[in-house]
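Visitor: Hey, dropping run.pdb in here, PDB, C-alpha atoms:
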ATOM      1  CA  ASN R   1    -169.631-112.608 -60.046  1.00  0.00           C
ATOM      2  CA  GLU R   2    -170.583-112.597 -63.706  1.00  0.00           C
ATOM      3  CA  ILE R   3    -173.719-114.512 -64.611  1.00  0.00           C
ATOM      4  CA  PRO R   4    -173.518-116.372 -67.946  1.00  0.00           C
ATOM      5  CA  ARG R   5    -175.756-114.906 -70.644  1.00  0.00           C
ATOM      6  CA  LEU R   6    -177.553-116.613 -73.500  1.00  0.00           C
ATOM      7  CA  TYR R   7    -176.122-113.850 -75.668  1.00  0.00           C
ATOM      8  CA  ASP R   8    -172.547-115.012 -74.984  1.00  0.00           C
ATOM      9  CA  ASP R   9    -173.438-118.190 -76.892  1.00  0.00           C
ATOM     10  CA  ILE R  10    -175.229-116.243 -79.646  1.00  0.00           C
ATOM     11  CA  VAL R  11    -172.285-113.867 -80.181  1.00  0.00           C
ATOM     12  CA  ARG R  12    -169.724-116.695 -80.109  1.00  0.00           C
ATOM     13  CA  ARG R  13    -171.671-118.739 -82.686  1.00  0.00           C
ATOM     14  CA  HIS R  14    -172.264-115.750 -84.948  1.00  0.00           C
ATOM     15  CA  LEU R  15    -168.588-114.748 -84.984  1.00  0.00           C
ATOM     16  CA  ALA R  16    -167.499-118.333 -85.666  1.00  0.00           C
ATOM     17  CA  ARG R  17    -169.684-118.900 -88.707  1.00  0.00           C
ATOM     18  CA  ASP R  18    -171.095-115.662 -90.141  1.00  0.00           C
ATOM     19  CA  ARG R  19    -169.245-112.945 -92.051  1.00  0.00           C
ATOM     20  CA  GLN R  20    -172.043-110.396 -91.553  1.00  0.00           C
ATOM     21  CA  MET R  21    -171.775-107.643 -88.963  1.00  0.00           C
ATOM     22  CA  LEU R  22    -173.390-108.446 -85.640  1.00  0.00           C
ATOM     23  CA  PHE R  23    -175.691-105.637 -84.446  1.00  0.00           C
ATOM     24  CA  LEU R  24    -176.547-105.674 -80.728  1.00  0.00           C
ATOM     25  CA  SER R  25    -179.441-103.392 -79.850  1.00  0.00           C
ATOM     26  CA  GLY R  26    -181.649-103.073 -76.811  1.00  0.00           C
ATOM     27  CA  PRO R  27    -182.421-100.916 -73.790  1.00  0.00           C
ATOM     28  CA  ARG R  28    -179.726 -99.140 -71.811  1.00  0.00           C
ATOM     29  CA  GLN R  29    -177.869-101.103 -69.135  1.00  0.00           C
ATOM     30  CA  VAL R  30    -178.877-104.503 -70.527  1.00  0.00           C
ATOM     31  CA  GLY R  31    -175.294-105.636 -71.226  1.00  0.00           C
ATOM     32  CA  LYS R  32    -174.593-104.765 -74.876  1.00  0.00           C
ATOM     33  CA  THR R  33    -171.196-103.183 -74.168  1.00  0.00           C
ATOM     34  CA  THR R  34    -170.199-106.058 -71.889  1.00  0.00           C
ATOM     35  CA  LEU R  35    -171.031-108.540 -74.652  1.00  0.00           C
ATOM     36  CA  ALA R  36    -169.084-106.547 -77.243  1.00  0.00           C
ATOM     37  CA  THR R  37    -165.979-105.960 -75.128  1.00  0.00           C
ATOM     38  CA  GLY R  38    -165.945-109.576 -73.999  1.00  0.00           C
ATOM     39  CA  SER R  39    -165.524-110.711 -77.604  1.00  0.00           C
ATOM     40  CA  ALA R  40    -163.619-107.854 -79.239  1.00  0.00           C
ATOM     41  CA  THR R  41    -159.897-107.688 -79.918  1.00  0.00           C
ATOM     42  CA  ALA R  42    -160.265-104.009 -80.944  1.00  0.00           C
ATOM     43  CA  TYR R  43    -162.804-101.633 -79.427  1.00  0.00           C
ATOM     44  CA  VAL R  44    -163.940 -98.050 -80.026  1.00  0.00           C
ATOM     45  CA  SER R  45    -166.797 -96.183 -78.378  1.00  0.00           C
ATOM     46  CA  TRP R  46    -168.533 -93.167 -79.858  1.00  0.00           C
ATOM     47  CA  ASP R  47    -168.861 -91.910 -76.252  1.00  0.00           C
ATOM     48  CA  LYS R  48    -165.063 -91.553 -75.832  1.00  0.00           C
ATOM     49  CA  ASP R  49    -163.538 -88.414 -77.378  1.00  0.00           C
ATOM     50  CA  LYS R  50    -160.352 -90.127 -78.583  1.00  0.00           C
ATOM     51  CA  ASP R  51    -162.308 -93.021 -80.125  1.00  0.00           C
ATOM     52  CA  ARG R  52    -164.761 -90.608 -81.753  1.00  0.00           C
ATOM     53  CA  GLN R  53    -161.835 -88.831 -83.420  1.00  0.00           C
ATOM     54  CA  SER R  54    -160.533 -92.196 -84.658  1.00  0.00           C
ATOM     55  CA  ILE R  55    -163.914 -93.001 -86.212  1.00  0.00           C
ATOM     56  CA  LEU R  56    -164.151 -89.549 -87.795  1.00  0.00           C
ATOM     57  CA  SER R  57    -160.674 -90.014 -89.301  1.00  0.00           C
ATOM     58  CA  GLY R  58    -162.210 -92.662 -91.561  1.00  0.00           C
ATOM     59  CA  ALA R  59    -162.343 -96.392 -92.097  1.00  0.00           C
ATOM     60  CA  ASP R  60    -158.831 -96.674 -93.535  1.00  0.00           C
ATOM     61  CA  ALA R  61    -157.181 -94.813 -90.646  1.00  0.00           C
ATOM     62  CA  LEU R  62    -159.109 -96.908 -88.142  1.00  0.00           C
ATOM     63  CA  ALA R  63    -158.193-100.128 -89.964  1.00  0.00           C
ATOM     64  CA  GLU R  64    -154.537 -99.092 -89.903  1.00  0.00           C
ATOM     65  CA  LYS R  65    -154.786 -98.356 -86.173  1.00  0.00           C
ATOM     66  CA  PHE R  66    -156.136-101.880 -85.616  1.00  0.00           C
ATOM     67  CA  GLY R  67    -153.673-103.530 -88.016  1.00  0.00           C
ATOM     68  CA  LEU R  68    -156.348-104.569 -90.526  1.00  0.00           C
ATOM     69  CA  ALA R  69    -154.703-103.077 -93.599  1.00  0.00           C
ATOM     70  CA  SER R  70    -153.523-106.478 -94.806  1.00  0.00           C
ATOM     71  CA  LEU R  71    -154.945-109.970 -94.611  1.00  0.00           C
ATOM     72  CA  LEU R  72    -153.921-111.600 -91.386  1.00  0.00           C
ATOM     73  CA  VAL R  73    -153.009-115.229 -90.874  1.00  0.00           C
ATOM     74  CA  GLY R  74    -154.514-116.905 -87.844  1.00  0.00           C
ATOM     75  CA  GLU R  75    -157.393-115.827 -85.677  1.00  0.00           C
ATOM     76  CA  MET R  76    -159.767-113.262 -87.189  1.00  0.00           C
ATOM     77  CA  PRO R  77    -159.705-109.933 -85.265  1.00  0.00           C
ATOM     78  CA  ILE R  78    -163.043-108.732 -83.909  1.00  0.00           C
ATOM     79  CA  VAL R  79    -163.708-104.987 -84.022  1.00  0.00           C
ATOM     80  CA  ALA R  80    -166.442-103.546 -81.778  1.00  0.00           C
ATOM     81  CA  PHE R  81    -168.086-100.187 -82.449  1.00  0.00           C
ATOM     82  CA  ASP R  82    -169.909 -99.247 -79.243  1.00  0.00           C
ATOM     83  CA  GLU R  83    -172.789 -96.740 -79.320  1.00  0.00           C
ATOM     84  CA  ILE R  84    -172.029 -96.145 -83.012  1.00  0.00           C
ATOM     85  CA  HIS R  85    -175.667 -95.207 -83.702  1.00  0.00           C
ATOM     86  CA  ARG R  86    -174.984 -91.808 -82.074  1.00  0.00           C
ATOM     87  CA  TYR R  87    -172.823 -90.871 -85.066  1.00  0.00           C
ATOM     88  CA  SER R  88    -175.082 -89.160 -87.615  1.00  0.00           C
ATOM     89  CA  LYS R  89    -173.351 -90.983 -90.497  1.00  0.00           C
ATOM     90  CA  TRP R  90    -173.016 -94.365 -88.769  1.00  0.00           C
ATOM     91  CA  LYS R  91    -174.832 -96.302 -91.503  1.00  0.00           C
ATOM     92  CA  ARG R  92    -172.550 -95.068 -94.278  1.00  0.00           C
ATOM     93  CA  PHE R  93    -169.464 -95.528 -92.074  1.00  0.00           C
ATOM     94  CA  LEU R  94    -170.267 -99.145 -91.146  1.00  0.00           C
ATOM     95  CA  LYS R  95    -171.287-100.036 -94.699  1.00  0.00           C
ATOM     96  CA  GLY R  96    -167.996 -98.712 -96.061  1.00  0.00           C
ATOM     97  CA  PHE R  97    -165.925-100.296 -93.290  1.00  0.00           C
ATOM     98  CA  PHE R  98    -167.609-103.654 -93.828  1.00  0.00           C
ATOM     99  CA  ASP R  99    -167.340-103.561 -97.625  1.00  0.00           C
ATOM    100  CA  THR R 100    -163.625-102.787 -97.400  1.00  0.00           C
ATOM    101  CA  TYR R 101    -162.518-104.941 -94.444  1.00  0.00           C
ATOM    102  CA  GLU R 102    -164.979-107.852 -94.175  1.00  0.00           C
ATOM    103  CA  LYS R 103    -162.242-110.322 -95.127  1.00  0.00           C
ATOM    104  CA  ASN R 104    -159.873-108.880 -92.506  1.00  0.00           C
ATOM    105  CA  CYS R 105    -162.087-108.841 -89.404  1.00  0.00           C
ATOM    106  CA  ARG R 106    -165.471-109.504 -87.854  1.00  0.00           C
ATOM    107  CA  ILE R 107    -167.551-106.532 -86.734  1.00  0.00           C
ATOM    108  CA  ILE R 108    -169.803-105.979 -83.719  1.00  0.00           C
ATOM    109  CA  ALA R 109    -171.851-102.770 -83.472  1.00  0.00           C
ATOM    110  CA  THR R 110    -173.914-101.813 -80.432  1.00  0.00           C
ATOM    111  CA  GLY R 111    -176.642 -99.253 -80.061  1.00  0.00           C
ATOM    112  CA  SER R 112    -180.228 -98.531 -79.233  1.00  0.00           C
ATOM    113  CA  ALA R 113    -183.345 -99.616 -81.074  1.00  0.00           C
ATOM    114  CA  ARG R 114    -182.473 -96.954 -83.675  1.00  0.00           C
ATOM    115  CA  MET R 115    -180.227 -99.592 -85.241  1.00  0.00           C
ATOM    116  CA  ASP R 116    -183.406-101.192 -86.633  1.00  0.00           C
ATOM    117  CA  ILE R 117    -183.771 -98.234 -89.002  1.00  0.00           C
ATOM    118  CA  TYR R 118    -183.128-100.338 -92.107  1.00  0.00           C
ATOM    119  CA  LYS R 119    -186.459-102.059 -91.689  1.00  0.00           C
ATOM    120  CA  HIS R 120    -187.981 -98.747 -92.774  1.00  0.00           C
ATOM    121  CA  GLY R 121    -185.896 -98.118 -95.854  1.00  0.00           C
ATOM    122  CA  GLY R 122    -182.901 -95.956 -96.625  1.00  0.00           C
ATOM    123  CA  ASP R 123    -179.416 -96.999 -97.673  1.00  0.00           C
ATOM    124  CA  SER R 124    -179.435-100.759 -98.226  1.00  0.00           C
ATOM    125  CA  MET R 125    -177.266-102.916 -96.009  1.00  0.00           C
ATOM    126  CA  MET R 126    -179.057-106.079 -97.090  1.00  0.00           C
ATOM    127  CA  GLY R 127    -176.893-109.105 -96.378  1.00  0.00           C
ATOM    128  CA  ARG R 128    -174.284-107.104 -94.462  1.00  0.00           C
ATOM    129  CA  TYR R 129    -175.571-107.500 -90.898  1.00  0.00           C
ATOM    130  CA  PHE R 130    -177.637-109.690 -88.608  1.00  0.00           C
ATOM    131  CA  PRO R 131    -179.537-107.901 -85.824  1.00  0.00           C
ATOM    132  CA  TYR R 132    -179.792-109.265 -82.294  1.00  0.00           C
ATOM    133  CA  ARG R 133    -181.959-107.664 -79.628  1.00  0.00           C
ATOM    134  CA  VAL R 134    -180.555-107.966 -76.095  1.00  0.00           C
ATOM    135  CA  HIS R 135    -183.111-108.257 -73.290  1.00  0.00           C
ATOM    136  CA  PRO R 136    -182.845-108.289 -69.499  1.00  0.00           C
ATOM    137  CA  PHE R 137    -182.541-111.681 -67.812  1.00  0.00           C
ATOM    138  CA  SER R 138    -185.556-113.979 -68.092  1.00  0.00           C
ATOM    139  CA  VAL R 139    -186.407-117.208 -66.300  1.00  0.00           C
ATOM    140  CA  GLY R 140    -185.531-119.139 -69.460  1.00  0.00           C
ATOM    141  CA  GLU R 141    -182.098-117.567 -69.743  1.00  0.00           C
ATOM    142  CA  LEU R 142    -181.326-118.068 -66.054  1.00  0.00           C
ATOM    143  CA  VAL R 143    -182.308-121.744 -66.257  1.00  0.00           C
ATOM    144  CA  SER R 144    -180.279-122.424 -69.392  1.00  0.00           C
ATOM    145  CA  PRO R 145    -177.964-119.765 -70.876  1.00  0.00           C
ATOM    146  CA  GLU R 146    -177.329-121.765 -74.057  1.00  0.00           C
ATOM    147  CA  ILE R 147    -179.164-121.823 -77.349  1.00  0.00           C
ATOM    148  CA  PRO R 148    -181.384-124.909 -77.441  1.00  0.00           C
ATOM    149  CA  GLY R 149    -180.459-127.588 -79.950  1.00  0.00           C
ATOM    150  CA  GLU R 150    -182.805-128.640 -82.704  1.00  0.00           C
ATOM    151  CA  LYS R 151    -185.685-128.822 -80.254  1.00  0.00           C
ATOM    152  CA  ALA R 152    -186.658-125.403 -78.939  1.00  0.00           C
ATOM    153  CA  ILE R 153    -189.151-127.029 -76.565  1.00  0.00           C
ATOM    154  CA  ARG R 154    -187.493-128.880 -73.730  1.00  0.00           C
ATOM    155  CA  ALA R 155    -188.403-130.327 -70.367  1.00  0.00           C
ATOM    156  CA  PRO R 156    -188.723-127.791 -67.536  1.00  0.00           C
ATOM    157  CA  LEU R 157    -185.568-127.175 -65.522  1.00  0.00           C
ATOM    158  CA  PRO R 158    -185.399-125.916 -61.950  1.00  0.00           C
ATOM    159  CA  LEU R 159    -184.425-122.300 -61.350  1.00  0.00           C
ATOM    160  CA  ALA R 160    -181.467-121.889 -58.967  1.00  0.00           C
ATOM    161  CA  ASP R 161    -182.265-121.082 -55.343  1.00  0.00           C
ATOM    162  CA  GLY R 162    -182.975-117.414 -54.909  1.00  0.00           C
ATOM    163  CA  ASP R 163    -183.030-116.529 -58.609  1.00  0.00           C
ATOM    164  CA  TRP R 164    -186.831-116.357 -58.824  1.00  0.00           C
ATOM    165  CA  ASP R 165    -187.062-114.089 -55.790  1.00  0.00           C
ATOM    166  CA  ALA R 166    -184.205-111.923 -57.082  1.00  0.00           C
ATOM    167  CA  LEU R 167    -185.814-111.660 -60.523  1.00  0.00           C
ATOM    168  CA  ILE R 168    -189.107-110.527 -58.969  1.00  0.00           C
ATOM    169  CA  LYS R 169    -187.487-108.197 -56.428  1.00  0.00           C
ATOM    170  CA  PHE R 170    -184.640-106.660 -58.455  1.00  0.00           C
ATOM    171  CA  GLY R 171    -185.723-107.215 -62.071  1.00  0.00           C
ATOM    172  CA  GLY R 172    -183.762-108.713 -64.931  1.00  0.00           C
ATOM    173  CA  PHE R 173    -181.252-105.953 -65.659  1.00  0.00           C
ATOM    174  CA  PRO R 174    -177.841-107.541 -65.087  1.00  0.00           C
ATOM    175  CA  GLU R 175    -176.282-105.232 -62.483  1.00  0.00           C
ATOM    176  CA  PRO R 176    -179.179-104.955 -59.994  1.00  0.00           C
ATOM    177  CA  PHE R 177    -179.993-108.639 -60.466  1.00  0.00           C
ATOM    178  CA  ALA R 178    -176.399-109.690 -59.747  1.00  0.00           C
ATOM    179  CA  ASN R 179    -175.990-107.309 -56.765  1.00  0.00           C
ATOM    180  CA  ARG R 180    -179.293-108.257 -55.125  1.00  0.00           C
ATOM    181  CA  ASP R 181    -179.106-105.249 -52.855  1.00  0.00           C
ATOM    182  CA  ALA R 182    -182.164-103.028 -52.306  1.00  0.00           C
ATOM    183  CA  ARG R 183    -180.079 -99.902 -51.614  1.00  0.00           C
ATOM    184  CA  PHE R 184    -178.052-100.418 -54.795  1.00  0.00           C
ATOM    185  CA  GLN R 185    -181.206-100.991 -56.823  1.00  0.00           C
ATOM    186  CA  LYS R 186    -182.753 -97.719 -55.590  1.00  0.00           C
ATOM    187  CA  LYS R 187    -179.603 -95.792 -56.508  1.00  0.00           C
ATOM    188  CA  TRP R 188    -179.375 -97.606 -59.861  1.00  0.00           C
ATOM    189  CA  ARG R 189    -182.932 -96.662 -60.792  1.00  0.00           C
TER     190      ARG R 189
END
For the file at hand, write its structure as structure tokens.
Guide:
Amino acid sequence: NEIPRLYDDIVRRHLARDRQMLFLSGPRQVGKTTLATGSATAYVSWDKDKDRQSILSGADALAEKFGLASLLVGEMPIVAFDEIHRYSKWKRFLKGFFDTYEKNCRIIATGSARMDIYKHGGDSMMGRYFPYRVHPFSVGELVSPEIPGEKAIRAPLPLADGDWDALIKFGGFPEPFANRDARFQKKWR
């Protein structure tokens, strides 16, 4: 039973209109990988040995693996790099991949708060990415998992039966919230 996320709408809109890479950062177990894999047509994770070797083989080899070597007609492929921030040279890798293949695909990268490193200087990726911070469920997201229109302030909406109690009892992290089971939550923590 998957609960719709506000971030589904954010990711969908970004990929439809923006050429910049989409960076998803946030705490562990908040749903970054789920968001990325739900949108991606090609996926690699730094945590998987085979994928790590593909990344280390370079942008061109990875692009060939995903069929990005030439301009494609039709729907734009979406490449997801999961936990890429664990790679010591992730910034240079993503910058080079983007600069070479931005016309051939859209890029999602997930990682921890370390992905905000460019706010503090270093190699410039100005204009190459838009950062999005993923949070646990909130009352606002549970009431309306869509981006508000032009008016960010809207009339109050009722929260579904049981959601308030579940949010208080199990917290907003997706898996414990969805399971609503005290034994599971204790094991999860």
Visitor: Using only C-alpha atoms, determine which residues lie at most 9 Å from stretch 65-67 of chain R, disregarding the query and same-chain residues fewer than 5 positions distant; provide the list as a PyMOL selection string.
Guide: chain R and resi 41-42+54+60+72+77+79
Visitor: Name the residues captured by the PyMOL selection byres ((chain R and resi 169) around 12) when it is applied to the shown file; answer as a PyMOL selection string.
Guide: chain R and resi 162-168+170-173+176-182+185-186
Visitor: Determine, counting only C-alpha atoms, which protein, DNA and RNA residues have an atom within 12 Å of an atom of R:Glu64; residues of the same chain fewer than 6 positions away are not included. Present the result as an NGL selection string.
Guide: :R and (42 or 54-55 or 57-58 or 70-71 or 97 or 101 or 104)
Visitor: Can you list, as a ChimeraX atom specification, every protein, DNA or RNA residue that comes within 10 Å of stretch 31-35 of chain R when you count all atoms listed in the file, leaving out same-chain residues fewer than 2 positions away?
Guide: /R:5,7-8,11-12,23-29,37-40,45,80-83,108-112,133-136,173-175
Visitor: Quick one: pull the distance between atom CA of R:Leu68 and atom CA of R:Cys105, Å, one decimal.
Guide: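 Between atom CA of R:Leu68 and atom CA of R:Cys105 the gap works out to 7.2 Å.
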